[in-house]
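Structure first, commentary second.
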Amino acid sequence: MAIKSKGKTKARPASKGPRHGPVPVPKPFAQRRWVQLTALFIAGILAMMAFVWATNGLRRERASNRAASDLASRQQALSQWKAILEPQITAVGQLQGDIPPTVASDVTAALTALASGKTTTTKASALTSSAKGLRTAAKAIDTFDLAGTITERGFDVAAAGALTASKAEIVEALRLYQQAAELGALALISPKHPDRQLAEHGKAVSDSATTLLQAGWNRYASTLKLSQLSAGGTPAVGTGLGG
């Protein structure tokens, strides 16, 4: 039987902990893949927004330049038309800006009096002279090539149609005033002196002329406003044909 040793026992060494492998150094934030992809995505969106903004800006600039060019072209064409129309109207009437002008007031006054059976101081020769002036004005306006003047000058279909319609109405109105003046002159030199039936007919023709003139002038003035221009001028006294 073995005898245990009473000597001092040898201490056992402490167990070693688990060995750690090398710890990788974390990448900088800017070098991480998901950060780079996110940055690229945001940069792409910003670049697209900048491209769209620049493209829209160029379009707006081109549209603005085109609009300014069209406006200048329209104003030039309308100024040529104004230079013909308004002096001819002034020769036989009185301009009142956007309001339809008063034309052949001596003719309408004489016919109104004669149709009512009243006397008038207007002479037949004065009405004949007024008729000649109205015929001259109508011819000068009618012979102006308005269609050729406004073609390819920036007018849309509606504006071009309104201008040509206003010209036709104004010319026809002046010719009706001319007929009314001639009827008034005939009424004054009629053997019945005056011939009331002729005067009434002339008054009706004059009323039709006034309606046409108002419609034509309103179209004309409205079209000018669209191009930042105004019709007529400051109302003056003493324009128009004397009785």
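Quick note on naming: the chains in the structure tokens go A, B, ... in the order shown, residues restart at 1 in each chain, and ligands are numbered from 1 in order of appearance.
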
- Do you know which residues are at most 6 Å from range 182-196 of chain A counting only C-alpha atoms, after dropping those on the same chain fewer than 3 positions away, and could you put them as a list in words?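 Within the cut-off, the hits are Ala115, Ala124, Leu127, Gln179, Ala199 and Gly202 of chain A.
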
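Closest approach to Ser206 in chain A among A:Ser129, A:Ser79, A:Thr55, A:Ser105 is made by A:Ser105 (distances from only C-alpha atoms).
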
- Message: Report as a list in words all protein, DNA and RNA residues lying within 9 Å of Thr149 in chain A, evaluated on only C-alpha atoms, omitting residues in the same chain fewer than 2 positions from it.
- Response: Ala77, Leu78, Gln80, Trp81, Phe144, Asp145, Leu146, Ala147, Thr151, Glu152 and Arg153 of chain A

- Message: So, with only C-alpha atoms as the atoms that count, which of A:Ala104, A:Ala126, A:Gln214, A:Ile84 lies closest to Thr143 in chain A?
- Response: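 The answer is A:Ile84, which sits nearest to Thr143 in chain A.
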
- Tell me which protein, DNA and RNA residues are within 10 Å of Lys203 in chain A, counting only C-alpha atoms, leaving out same-chain ones fewer than 6 positions away, and put them as a ChimeraX atom specification. /A:107-115,177,180-181,183-184,197,209
